[in-house]
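First comes the structure, then the notes that go with it.
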Amino acid sequence: MTDVEILEFKIPHGSSTLLYLPQVSVVGLDEGQLYSVLHNHFSQWGLLYNLNINPSEHVEGESYCYLRFYSARAASMARRDNRGKMVLEEEKVKFKLASHVTSGASMQLPLAKHKCEELANYYLGFNGWSSSVLYHQREELGRGMVSVVSIVRLDLIKVGLSCEGAGKHEVEVDGDKMKEIRLVGEVGKRARGEALQAAWAKVVLVVVGGKKVGVEINTTKEEAFFYDPLWENPVVTVQEADYFVKKEVEGDDFSTQ
């Protein structure tokens, strides 16, 4: 039977991708070093979405850890290969993996832009895709409002497919002209980030046997708002550089390639 897994560019959820280490014993390592040891160890089986380490409330020097893969297949293999008591880093780290873990219901939220790029780079390679801005303009909504619409295109180079995503962000302003000028740039960054997220949300990875990767485009995905690719250029054009926007879903942030 062929081993086929479908991966989408959204936050992974459910117990199939989740591993739980209820008891992690640590000697001579700080939290950052422990994170690196565990992250490097479990990355052997696949790309991790996140890894959270928390100190034990009952035993000094011990911690517990939750980690989540994008791939249920990778999580299953890691669970299989880490049975029993595991010892890492010359016995500085010891843990035992829980045989079962439950995950509460969660909403299917979009994946942050930098996480989308991380997932794409892992499965498609750093040269397997590119993005370009097709449309990035400020809308004239009258005084007291700054609104920017952005349309981006993703090209999946190795498979010859492409898709577009639309983003729109707006904020109210209080009439301060200098503040409004500054907000145009910030709102534009948000709009472009949302457009990239929307484009990635249409991409579907088809992974065969954990190695061979195919790509499909979900053409049924609808944009968050209507846009016409033939819009005429308005008077005001937003110019911007690379950017970072703080704190998104689950602590993720935007970043550009």
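Each chain in the structure tokens gets a letter, A, B, ..., in the order shown, and its residues are numbered from 1; ligands are numbered from 1 in order too.
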
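The environment of Tyr20 of chain A within 6 Å, counting only C-alpha atoms and disregarding residues fewer than 2 places along the same chain, consists of Cys65, Tyr66 and Ala98 of chain A.
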
(request) Please provide as a list in words all residues within 12 Å of segment 26-37 of chain A, with the sequence filter that same-chain residues fewer than 4 positions apart are discarded (counting only C-alpha atoms). (result) His41, Phe42, Ser43, Gln44, Asn50, Leu51, Asn52, Ile53, Asn54, Pro55, Ser56, Val59, Glu60, Gly61, Glu62, Ser63, Tyr64, Cys65, Tyr66, Leu67, Val87, Leu88, Glu89, Glu90, Glu91, Lys92, Val93, Lys94 and Phe95 of chain A

(message) Set the distance at 12 Å and use only C-alpha atoms: which residues neighbour Arg79 of chain A once local chain neighbours fewer than 5 positions away are removed? I'd like the list as a list in words.
(response) Ser15, Ser16, Thr17, Leu18, Leu19, Tyr20, Leu21, Phe42, Trp45, Gly46, Leu67, Arg68, Phe69, Ala72, Arg73, Ala74, Gly84, Met86, Lys96, Leu97, Ala98, Ser99, His100 and Val101 of chain A

(request) Using backbone DSSP assignments, extract all helix (DSSP H, G or I) residues from segment 7-247 of chain A; output them as a ChimeraX atom specification. (result) /A:15-17,31-42,72-81,113-124,177-200

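For the atom pair formed by atom CA of Leu161 of chain A and atom CA of Arg190 of chain A, the distance is 25.5 Å, given to one decimal.
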
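Remark: for Leu111 of chain A, the closest of the candidate residues A:Lys212, A:Leu205, A:Asn218, A:Tyr70 is A:Tyr70 (distances computed over only C-alpha atoms).
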
(request) Can you work out which one of A:Glu186, A:Val149, A:Gly125, A:Ser25 has the shortest atom-to-atom distance to Lys85 of chain A, counting only C-alpha atoms? (result) A:Ser25

(message) I'd like the neighbourhood of segment 127-132 of chain A as number ranges by chain, where a residue qualifies if any of its atoms comes within 9 Å (using only C-alpha atoms), though same-chain residues fewer than 3 positions away should be ignored.
(response) A: 120-121, 123-124, 151-159, 196, 257

Next, dump the selected residues to file, keeping only C-alpha atoms, as a PDB file, in the first residue's frame.
```
ATOM      1  CA  ALA A 120       8.259  25.131   1.754  1.00  0.00           C
ATOM      2  CA  ASN A 121      12.045  25.164   2.059  1.00  0.00           C
ATOM      3  CA  TYR A 123       9.919  19.990   1.241  1.00  0.00           C
ATOM      4  CA  LEU A 124      10.586  21.982  -1.954  1.00  0.00           C
ATOM      5  CA  ILE A 151      -1.759  40.850  -4.344  1.00  0.00           C
ATOM      6  CA  VAL A 152       1.176  38.429  -4.525  1.00  0.00           C
ATOM      7  CA  ARG A 153       2.022  35.528  -6.795  1.00  0.00           C
ATOM      8  CA  LEU A 154       3.749  32.313  -5.744  1.00  0.00           C
ATOM      9  CA  ASP A 155       5.680  30.408  -8.395  1.00  0.00           C
ATOM     10  CA  LEU A 156       6.449  26.772  -7.587  1.00  0.00           C
ATOM     11  CA  ILE A 157       9.385  26.527  -9.914  1.00  0.00           C
ATOM     12  CA  LYS A 158      10.151  22.810 -10.040  1.00  0.00           C
ATOM     13  CA  VAL A 159       6.561  21.780 -10.763  1.00  0.00           C
ATOM     14  CA  LEU A 196       1.457  35.777   1.136  1.00  0.00           C
ATOM     15  CA  GLN A 257      12.443  36.291   2.249  1.00  0.00           C
TER      16      GLN A 257
END
```

(request) Pull the strand (DSSP E or B) assignments for segment 43-238 of chain A out of DSSP run on the backbone, and list those residues as number ranges by chain. (result) A: 48-55, 62-69, 85-88, 93-96, 110, 130-139, 145-156, 161-172, 203-208, 212-217, 237
